[in-house]
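Beneath this line is the structure, given in structure tokens, with notes to follow.
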Amino acid sequence: MSQQDEQAPRVVIRDRRRVDPTSGTVRAPAGDEPAGATPEQGEQMSEHDNDTSGSGNGAGPVVEPPLTGGIESGADDATRQLAERTEDLQRVTAEYANYRRRVERDRVLVVDQAAERFAGQLFPIVDDIERARDHGDLNGAFKVVADRVLGLLDGLGVTSFGKPGDPFDPALHEAVLHDTSTEVTEPTATTVLRPGFRRGDRVLRTAMVGVTEPEAPAAPAPAAGAPEVVDAEVVETATDAEQPGSGPAAG
């Protein structure tokens, strides 16, 4: 390199465009000229910046519009995912509520079955207690034990039914004896051989009874306005007497 080339002024090119033509972002304002630069160099840099700031056809820098389509599509995806997660949460909540109701129903059913099974094992003991009570043997320590057994049934919600004079009900009574009497007007359980037990509306054991029915059931009364029934022979005799020529012949 010659000495003349070394003494030639150094040309510095600076890009003063505020918008980056590649990315479309706004640049920070450029600083002052570097220290040591001459006015000629500054003019050359300005001319170079003006030449490079435009395109070949003299147009200004091309600024790309912001990418709004990507933001809108992202918002739509987020809304769709939120709706899907909400539906999943509602479905899981409903399934859990149904599961809790089913478990509670099964638990109550198991408790009821266990109580009824335990009460059924106490029924023969209660029958013995009632026989001892009828014979006057329910006293002393035996009476204390009997009261505790009956208290267990009361705690389980089991009640007894079946007393003499109750109307006969096939759903509650088991008829083992049968007779008739004029003292009853409907089928009646007059003799109770074994009491029945039920828990709520559920019958655990039917009562064994003797049934008495009316001896001569009363005829149903005629309905109001119905024609009265008259003896057929009386009506026929009266009709024959009224017919002409049936009487003695005239002289």
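Going through the structure tokens in order, the chains are called A, B, and so on, while each chain numbers its residues from 1 and the ligands are numbered from 1 in the order shown.
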Identify, on the basis of only C-alpha atoms, every residue whose closest approach to His178 (chain A) does not exceed 9 Å; exclude the query and any residue fewer than 3 positions from it along the same chain; express the result as number ranges by chain.
A: 175, 210-213
Which polymer residues have any atom within 7 Å of an atom of Val158 (chain A), counting only C-alpha atoms, with same-chain residues fewer than 5 positions away left out, as an mmCIF file with C-alpha atoms, in the first residue's frame?
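Saved to out.cif:
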data_model
loop_
_atom_site.group_PDB
_atom_site.id
_atom_site.type_symbol
_atom_site.label_atom_id
_atom_site.label_comp_id
_atom_site.auth_asym_id
_atom_site.auth_seq_id
_atom_site.Cartn_x
_atom_site.Cartn_y
_atom_site.Cartn_z
ATOM 1 C CA LEU A 153 -85.259 -54.646 68.777
ATOM 2 C CA PHE A 197 -92.487 -57.891 63.119
ATOM 3 C CA ARG A 198 -91.756 -55.067 60.723
ATOM 4 C CA ARG A 199 -89.161 -52.347 60.315
#
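For Val149 (chain A), the set of protein, DNA and RNA residues having any atom at most 12 Å away, when counting only C-alpha atoms and skipping those fewer than 2 positions along the same chain, is Phe118, Ala119, Gln121, Leu122, Phe123, Pro124, Ile125, Val126, Asp127, Asp128, Ile129, Glu130, Phe142, Lys143, Val144, Val145, Ala146, Asp147, Gly151, Leu152, Leu153, Asp154, Gly155, Leu156 and Val158 of chain A.
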State, in Å with one decimal place, the distance from CA of Val184 (chain A) to CA of Pro170 (chain A).
17.6 Å
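Here CA of Val203 (chain A) stands at a distance of 18.7 Å from CA of Pro164 (chain A).
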How far is it from CA of Pro167 (chain A) to CA of Glu186 (chain A), in Å with one decimal?
7.3 Å
Output as a count of residues only all residues of region 78-228 of chain A that backbone DSSP marks as helix (DSSP H, G or I).
72
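In this comparison, which uses only C-alpha atoms, the residue of A:Ser181, A:Ala207, A:Gln113, A:Pro195 approaching Phe168 (chain A) most closely is A:Ala207.
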Could you list, as a PDB file with C-alpha atoms, in the first residue's frame, every residue within 8 Å of Gly196 (chain A), counting only C-alpha atoms and ignoring same-chain residues fewer than 3 positions away?
ATOM      1  CA  SER A 160     -94.340 -56.038  66.586  1.00  0.00           C
ATOM      2  CA  PHE A 161     -97.897 -56.277  65.271  1.00  0.00           C
ATOM      3  CA  GLY A 162    -100.755 -58.726  65.401  1.00  0.00           C
ATOM      4  CA  LEU A 172     -99.542 -58.981  57.345  1.00  0.00           C
ATOM      5  CA  HIS A 173    -101.203 -62.155  58.611  1.00  0.00           C
ATOM      6  CA  LEU A 204     -89.823 -58.911  58.421  1.00  0.00           C
ATOM      7  CA  ARG A 205     -92.175 -61.670  59.606  1.00  0.00           C
ATOM      8  CA  THR A 206     -95.919 -62.137  59.193  1.00  0.00           C
ATOM      9  CA  ALA A 207     -98.173 -62.821  62.173  1.00  0.00           C
ATOM     10  CA  MET A 208     -99.628 -66.314  62.517  1.00  0.00           C
TER      11      MET A 208
END
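Backbone DSSP assigns strand (DSSP E) in region 51-161 of chain A to Val158, Thr159, Ser160 and Phe161 of chain A.
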